[in-house]
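Here is the structure we will look at.
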Amino acid sequence: MIFNNIYMIEQDFVCFDDFESNGIVKWNSPSNIALVKYWGKKENQIPQNPSISFTLSKCYTSTSVEFKPKKNKDSDVVFEFENEINHPFGQKIKLFISEIEKYFKFLNNHDIHIKSKNNFPHSSGIASSASSMSSLSSCLVDFELLNSKSKEDSYYTKKKSFIARLGSGSASRSIEGPITLWGSSNSYLGSSDLYAINISDDVNKVFHDYQNSILIIDPGVKKISSSIGHKLMNENPFSNTRFDLARNNISRLKEIFKSGHLDDFINLTESEALMIHSLMLSSNPYFILMKPNTLEVIQRVLEFRRDTKLPISFTLDAGSNVHLLYPNSVKEPIQKFIEADLLKFCKSKTHIHDSLGIGSEKLI
Ligand code: PMV
């Protein structure tokens, strides 16, 4: 089969090859931070609106998967997280494997042993679903590539993103970098609800080495899972307006990427962050994920920007941590400011100075 069509459909991702083989594959995959946010989905992990993110480099998950021809009638899945067999994450992973078996016929012939670990502290409050699901999907698709009839590279890249998406929507955007788009948009040819695409070309050089400092305000487990948050959008009175605004923000961001206008970038990223939190506040039941120190940091960032005119902006995930975005050229004064004025609002001064990266990388 030839996969030269830029738009692929679900059926294209079914691997019918039924081989039996021994082997081990290992991949690192990073976290990402959305600029235009995904918040609200339809059946089968189809997003209500397209989203764009920066792929990060320093916070990543390493996953290895060992495949052996199965010993018993049913294949066995063992999951080890940070050297702990039967970690609670294991249930989610086993359910995920059973849901994606239809895309990898060979999985029925193998026992698999998955080992996964994060290089960032487990209790940092950094969402690990994007990095963990994208590293696992990279391993599964890589094993297919090593053993089945060969297809074009772009097929495997799309399939990694397609499979990662089924585990966690935002994970679809961690396969490539530094800038990716997931979700169908009139602004980008080749965009799809099924997988993310790399949109790093035609981007002003100011964005090539953008920085992302993550300030850990509260490392606690989130009070609400993002899947519940997405579901609540079905009933949210502002949801349709939100989906329209997000679609429009994709085309605005495309222009900003081209022009390099940082005032517009700041305006768009901050408004996106506050908009998804306003949707959480207006859901029923509502939920408040920002903490007093989240607002303290935001306030200090706005004052610093007013006084220095330096192009720093904030964005937020579904949590209380603050992500600060700024060009590499102003890294020194901004990191000094963070250290002098903002770390006091972080839990035990925890922070990570991250920057843009290229996505999943093969180790073995
Ligand atoms: O991938 P999920 O289901 O954990 O949702 C992620 C949602 C946000 O992080 C809030 C936004 C985004 O686009 O990453």
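Going by the structure tokens order, chains are called A, B, ..., each with residues numbered from 1, while ligands are numbered from 1 in the order shown.
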
(message) Could you list, as a ChimeraX atom specification, all residues that come within 9 Å of ligand 1? Count only C-alpha atoms and all ligand atoms.
(response) /A:32-41,45,50-53,127-130,165,167-173,225-230,273,276-277,316-319

Using the selection just defined, write its residues with N, CA and C atoms as a short mmCIF file (atom, residue, chain, number, x, y, z; two decimals), in the first residue's frame.
data_model
loop_
_atom_site.label_atom_id
_atom_site.label_comp_id
_atom_site.auth_asym_id
_atom_site.auth_seq_id
_atom_site.Cartn_x
_atom_site.Cartn_y
_atom_site.Cartn_z
N ASN A 32 4.79 18.67 26.41
CA ASN A 32 4.60 19.84 25.55
C ASN A 32 3.71 20.84 26.27
N ILE A 33 3.76 22.09 25.82
CA ILE A 33 2.88 23.10 26.43
C ILE A 33 2.03 23.74 25.34
N ALA A 34 0.71 23.66 25.52
CA ALA A 34 -0.19 24.19 24.48
C ALA A 34 -0.25 25.71 24.54
N LEU A 35 -0.30 26.30 23.34
CA LEU A 35 -0.47 27.76 23.23
C LEU A 35 -1.95 28.05 22.95
N VAL A 36 -2.49 27.37 21.91
CA VAL A 36 -3.95 27.34 21.73
C VAL A 36 -4.37 25.99 22.31
N LYS A 37 -5.25 26.03 23.29
CA LYS A 37 -5.50 24.84 24.12
C LYS A 37 -6.59 23.93 23.56
N TYR A 38 -6.40 22.66 23.85
CA TYR A 38 -7.42 21.62 23.60
C TYR A 38 -8.23 21.48 24.89
N TRP A 39 -9.50 21.81 24.83
CA TRP A 39 -10.33 21.67 26.03
C TRP A 39 -11.75 21.37 25.57
N GLY A 40 -12.07 20.11 25.52
CA GLY A 40 -13.37 19.68 25.00
C GLY A 40 -13.15 18.68 23.87
N LYS A 41 -13.82 17.51 23.99
CA LYS A 41 -13.62 16.50 22.93
C LYS A 41 -14.93 15.79 22.60
N GLN A 45 -11.74 10.43 21.21
CA GLN A 45 -10.62 11.38 21.31
C GLN A 45 -10.50 12.30 20.10
N PRO A 50 -8.95 22.61 17.07
CA PRO A 50 -7.52 22.32 16.90
C PRO A 50 -6.69 23.02 17.99
N SER A 51 -5.52 22.47 18.26
CA SER A 51 -4.64 23.06 19.28
C SER A 51 -3.21 23.10 18.73
N ILE A 52 -2.43 24.04 19.28
CA ILE A 52 -1.02 24.18 18.86
C ILE A 52 -0.16 24.19 20.11
N SER A 53 0.98 23.49 20.05
CA SER A 53 1.86 23.53 21.22
C SER A 53 3.32 23.65 20.85
N ALA A 127 2.27 17.48 34.10
CA ALA A 127 1.45 16.41 33.51
C ALA A 127 2.38 15.47 32.76
N SER A 128 2.30 14.17 33.06
CA SER A 128 3.21 13.24 32.40
C SER A 128 2.49 12.42 31.34
N SER A 129 1.17 12.64 31.17
CA SER A 129 0.46 11.77 30.22
C SER A 129 0.95 12.00 28.79
N ALA A 130 1.31 13.24 28.44
CA ALA A 130 1.76 13.51 27.06
C ALA A 130 3.08 12.79 26.79
N ARG A 165 -2.47 9.79 20.65
CA ARG A 165 -3.72 10.54 20.84
C ARG A 165 -4.79 9.70 21.55
N GLY A 167 -4.30 7.54 23.77
CA GLY A 167 -3.98 7.45 25.20
C GLY A 167 -4.23 8.76 25.91
N SER A 168 -3.86 9.85 25.27
CA SER A 168 -4.06 11.19 25.84
C SER A 168 -3.98 12.18 24.68
N GLY A 169 -5.02 12.98 24.50
CA GLY A 169 -5.08 13.86 23.32
C GLY A 169 -3.81 14.67 23.12
N SER A 170 -3.36 15.32 24.20
CA SER A 170 -2.21 16.23 24.04
C SER A 170 -0.94 15.45 23.69
N ALA A 171 -0.89 14.14 23.99
CA ALA A 171 0.30 13.33 23.67
C ALA A 171 0.55 13.28 22.16
N SER A 172 -0.50 13.44 21.37
CA SER A 172 -0.34 13.40 19.91
C SER A 172 0.64 14.48 19.44
N ARG A 173 0.76 15.57 20.25
CA ARG A 173 1.59 16.71 19.83
C ARG A 173 3.05 16.58 20.27
N SER A 225 -9.50 15.30 36.84
CA SER A 225 -8.72 14.80 35.71
C SER A 225 -9.12 15.58 34.46
N SER A 226 -8.19 15.65 33.47
CA SER A 226 -8.57 16.42 32.28
C SER A 226 -9.72 15.74 31.55
N SER A 227 -9.84 14.39 31.67
CA SER A 227 -10.94 13.77 30.91
C SER A 227 -12.30 14.22 31.48
N ILE A 228 -12.38 14.45 32.79
CA ILE A 228 -13.65 14.98 33.33
C ILE A 228 -13.84 16.42 32.86
N GLY A 229 -12.74 17.18 32.87
CA GLY A 229 -12.81 18.57 32.39
C GLY A 229 -13.30 18.65 30.95
N HIS A 230 -12.77 17.76 30.08
CA HIS A 230 -13.20 17.77 28.67
C HIS A 230 -14.71 17.47 28.59
N ALA A 273 -4.80 30.97 27.98
CA ALA A 273 -4.64 30.35 29.31
C ALA A 273 -5.80 30.74 30.22
N ILE A 276 -9.25 29.03 29.20
CA ILE A 276 -9.60 27.66 29.62
C ILE A 276 -9.88 27.60 31.12
N HIS A 277 -9.20 28.46 31.88
CA HIS A 277 -9.53 28.47 33.32
C HIS A 277 -10.91 29.09 33.55
N LEU A 316 -0.93 28.61 31.19
CA LEU A 316 -1.29 27.68 32.26
C LEU A 316 -1.80 26.40 31.63
N ASP A 317 -1.57 25.28 32.31
CA ASP A 317 -2.16 24.01 31.93
C ASP A 317 -3.41 23.81 32.79
N ALA A 318 -3.91 22.58 32.82
CA ALA A 318 -5.03 22.32 33.72
C ALA A 318 -4.46 22.07 35.12
N GLY A 319 -3.99 23.14 35.75
CA GLY A 319 -3.38 23.02 37.07
C GLY A 319 -2.97 24.40 37.55
#

(message) List as an MDAnalysis selection string the protein and nucleic acid residues near stretch 81-97 of chain A, meaning an atom at most 12 Å away when only C-alpha atoms are counted, but skip any in the same chain fewer than 6 places from it.
(response) chainID A and resid 61:64 75 103:105 107:108 111:122 128:129 132:133 136:137 140 163:168

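All residues of stretch 173-334 of chain A that DSSP, run on the backbone, classes as strand (DSSP E or B) are Glu176, Ile179, Thr180, Leu181, Trp182, Ala196, Ile197, Asn198, Gln211, Asn212, Ser213, Ile214, Leu215, Ser313, Phe314, Thr315, Leu316, Val322, His323, Leu324, Leu325 and Tyr326 of chain A.
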
Could you save the residues just selected, with N, CA, C and O atoms, as a CSV table (one decimal), in the first residue's frame?
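The file below, result.csv, is the result:
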chain,number,residue,atom,x,y,z
A,176,GLU,N,6.6,15.1,17.4
A,176,GLU,CA,7.5,16.0,16.7
A,176,GLU,C,7.7,17.3,17.4
A,176,GLU,O,7.0,17.6,18.4
A,179,ILE,N,7.2,22.9,17.0
A,179,ILE,CA,5.8,23.4,17.0
A,179,ILE,C,4.9,22.4,16.3
A,179,ILE,O,5.2,22.1,15.1
A,180,THR,N,3.8,22.0,17.0
A,180,THR,CA,2.9,21.1,16.3
A,180,THR,C,1.5,21.5,16.5
A,180,THR,O,1.1,22.3,17.4
A,181,LEU,N,0.7,21.0,15.5
A,181,LEU,CA,-0.8,21.3,15.5
A,181,LEU,C,-1.5,20.0,15.5
A,181,LEU,O,-1.2,19.1,14.7
A,182,TRP,N,-2.5,19.8,16.3
A,182,TRP,CA,-3.4,18.6,16.3
A,182,TRP,C,-4.8,19.2,16.1
A,182,TRP,O,-5.2,20.0,16.9
A,196,ALA,N,-1.3,14.7,15.0
A,196,ALA,CA,-0.7,16.0,14.9
A,196,ALA,C,0.2,16.1,13.7
A,196,ALA,O,0.7,15.1,13.2
A,197,ILE,N,0.5,17.3,13.3
A,197,ILE,CA,1.5,17.6,12.2
A,197,ILE,C,2.5,18.6,12.7
A,197,ILE,O,2.2,19.4,13.6
A,198,ASN,N,3.7,18.5,12.1
A,198,ASN,CA,4.7,19.5,12.4
A,198,ASN,C,4.5,20.8,11.7
A,198,ASN,O,4.4,20.8,10.4
A,211,GLN,N,11.9,29.9,25.1
A,211,GLN,CA,12.2,29.2,26.4
A,211,GLN,C,10.9,29.1,27.1
A,211,GLN,O,9.9,29.8,26.9
A,212,ASN,N,10.8,28.1,28.0
A,212,ASN,CA,9.6,27.8,28.8
A,212,ASN,C,10.1,27.5,30.2
A,212,ASN,O,10.6,26.4,30.5
A,213,SER,N,9.9,28.4,31.2
A,213,SER,CA,10.3,28.1,32.6
A,213,SER,C,9.0,27.7,33.3
A,213,SER,O,8.0,28.4,33.2
A,214,ILE,N,9.1,26.5,33.9
A,214,ILE,CA,7.9,26.0,34.6
A,214,ILE,C,8.0,26.3,36.1
A,214,ILE,O,9.0,25.8,36.7
A,215,LEU,N,7.1,27.0,36.6
A,215,LEU,CA,7.2,27.3,38.1
A,215,LEU,C,6.2,26.4,38.8
A,215,LEU,O,5.0,26.4,38.5
A,313,SER,N,5.6,36.2,28.6
A,313,SER,CA,4.2,35.9,28.8
A,313,SER,C,4.0,34.7,29.6
A,313,SER,O,4.9,33.9,29.8
A,314,PHE,N,2.8,34.5,30.2
A,314,PHE,CA,2.5,33.3,30.9
A,314,PHE,C,1.5,32.4,30.2
A,314,PHE,O,0.7,32.9,29.4
A,315,THR,N,1.5,31.1,30.5
A,315,THR,CA,0.4,30.3,30.1
A,315,THR,C,0.2,29.3,31.2
A,315,THR,O,1.1,29.1,32.1
A,316,LEU,N,-0.9,28.6,31.2
A,316,LEU,CA,-1.3,27.7,32.3
A,316,LEU,C,-1.8,26.4,31.6
A,316,LEU,O,-2.4,26.4,30.6
A,322,VAL,N,2.7,27.7,36.7
A,322,VAL,CA,2.8,28.8,35.7
A,322,VAL,C,3.9,28.4,34.7
A,322,VAL,O,5.0,28.1,35.2
A,323,HIS,N,3.6,28.5,33.4
A,323,HIS,CA,4.6,28.3,32.4
A,323,HIS,C,5.0,29.7,31.8
A,323,HIS,O,4.1,30.4,31.3
A,324,LEU,N,6.2,30.1,31.9
A,324,LEU,CA,6.6,31.4,31.4
A,324,LEU,C,7.3,31.2,30.1
A,324,LEU,O,8.2,30.4,29.9
A,325,LEU,N,6.9,32.0,29.1
A,325,LEU,CA,7.4,31.9,27.7
A,325,LEU,C,8.2,33.2,27.4
A,325,LEU,O,7.7,34.3,27.6
A,326,TYR,N,9.4,33.0,26.8
A,326,TYR,CA,10.2,34.2,26.4
A,326,TYR,C,11.2,33.7,25.4
A,326,TYR,O,11.7,32.6,25.4

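Computed from the coordinates, the atom CA of A:Asp307 to atom CA of A:Gly260 distance equals 21.8 Å.
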
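The gap separating atom CA of A:Val301 from atom CA of A:Ser283 is 27.7 Å, in Å to one decimal.
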
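Atom CA of A:Leu145 is found 12.6 Å from atom CA of A:Phe16.
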
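Shortest atom-to-atom contact with A:Ile288 among A:Asp354, A:Ile224, A:Tyr7, A:Phe257: A:Ile224, counting only C-alpha atoms.
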
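For A:His261, the residues within 12 Å (counting only C-alpha atoms, excluding itself and residues fewer than 6 positions away along the chain) are Val203, Asn204, Lys205, Val206, Phe207, Arg252, Leu253, Lys254, Glu255, Asn267, Leu268, Pro311 and Pro327 of chain A.
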
Take the residues just selected and output them with C-alpha atoms as a short mmCIF file (atom, residue, chain, number, x, y, z; two decimals), in the first residue's frame.
data_model
loop_
_atom_site.label_atom_id
_atom_site.label_comp_id
_atom_site.auth_asym_id
_atom_site.auth_seq_id
_atom_site.Cartn_x
_atom_site.Cartn_y
_atom_site.Cartn_z
CA VAL A 203 8.07 30.38 11.54
CA ASN A 204 10.01 33.56 12.40
CA LYS A 205 13.41 32.78 13.87
CA VAL A 206 12.51 34.41 17.21
CA PHE A 207 10.41 31.31 17.92
CA ARG A 252 -4.09 34.35 14.27
CA LEU A 253 -1.18 32.33 15.69
CA LYS A 254 -0.15 31.22 12.21
CA GLU A 255 0.23 34.89 11.22
CA ASN A 267 -1.82 38.70 24.05
CA LEU A 268 -2.92 35.43 22.44
CA PRO A 311 8.60 40.05 26.01
CA PRO A 327 12.72 34.35 23.54
#

(request) Return the single residue from A:Val65, A:Lys149, A:Phe143, A:Asn284 that is closest to A:Asn234, with distances computed using only C-alpha atoms. (result) A:Asn284

(message) Can you tell me, as a PyMOL selection string, which residues in stretch 25-224 of chain A count as alpha helix (DSSP H) by DSSP?
(response) chain A and resi 89-100+129-147+153-167

Test item: residues at most 8 Å from A:Ser148, only C-alpha atoms, excluding those fewer than 3 positions along its chain, as an mmCIF file with N, CA, C and O atoms, in the first residue's frame:
data_model
loop_
_atom_site.group_PDB
_atom_site.id
_atom_site.type_symbol
_atom_site.label_atom_id
_atom_site.label_comp_id
_atom_site.auth_asym_id
_atom_site.auth_seq_id
_atom_site.Cartn_x
_atom_site.Cartn_y
_atom_site.Cartn_z
ATOM 1 N N ASP A 17 -0.027 -7.148 9.666
ATOM 2 C CA ASP A 17 1.087 -8.110 9.707
ATOM 3 C C ASP A 17 1.066 -8.868 11.029
ATOM 4 O O ASP A 17 0.930 -8.274 12.093
ATOM 5 N N PHE A 19 3.385 -11.061 12.409
ATOM 6 C CA PHE A 19 4.674 -11.710 12.669
ATOM 7 C C PHE A 19 4.866 -12.071 14.152
ATOM 8 O O PHE A 19 4.142 -11.582 15.021
ATOM 9 N N GLU A 144 6.697 -2.233 14.977
ATOM 10 C CA GLU A 144 6.011 -2.519 13.698
ATOM 11 C C GLU A 144 6.948 -2.211 12.525
ATOM 12 O O GLU A 144 7.108 -3.036 11.620
ATOM 13 N N LEU A 145 7.587 -1.042 12.576
ATOM 14 C CA LEU A 145 8.500 -0.628 11.488
ATOM 15 C C LEU A 145 9.628 -1.653 11.308
ATOM 16 O O LEU A 145 9.985 -2.010 10.184
#
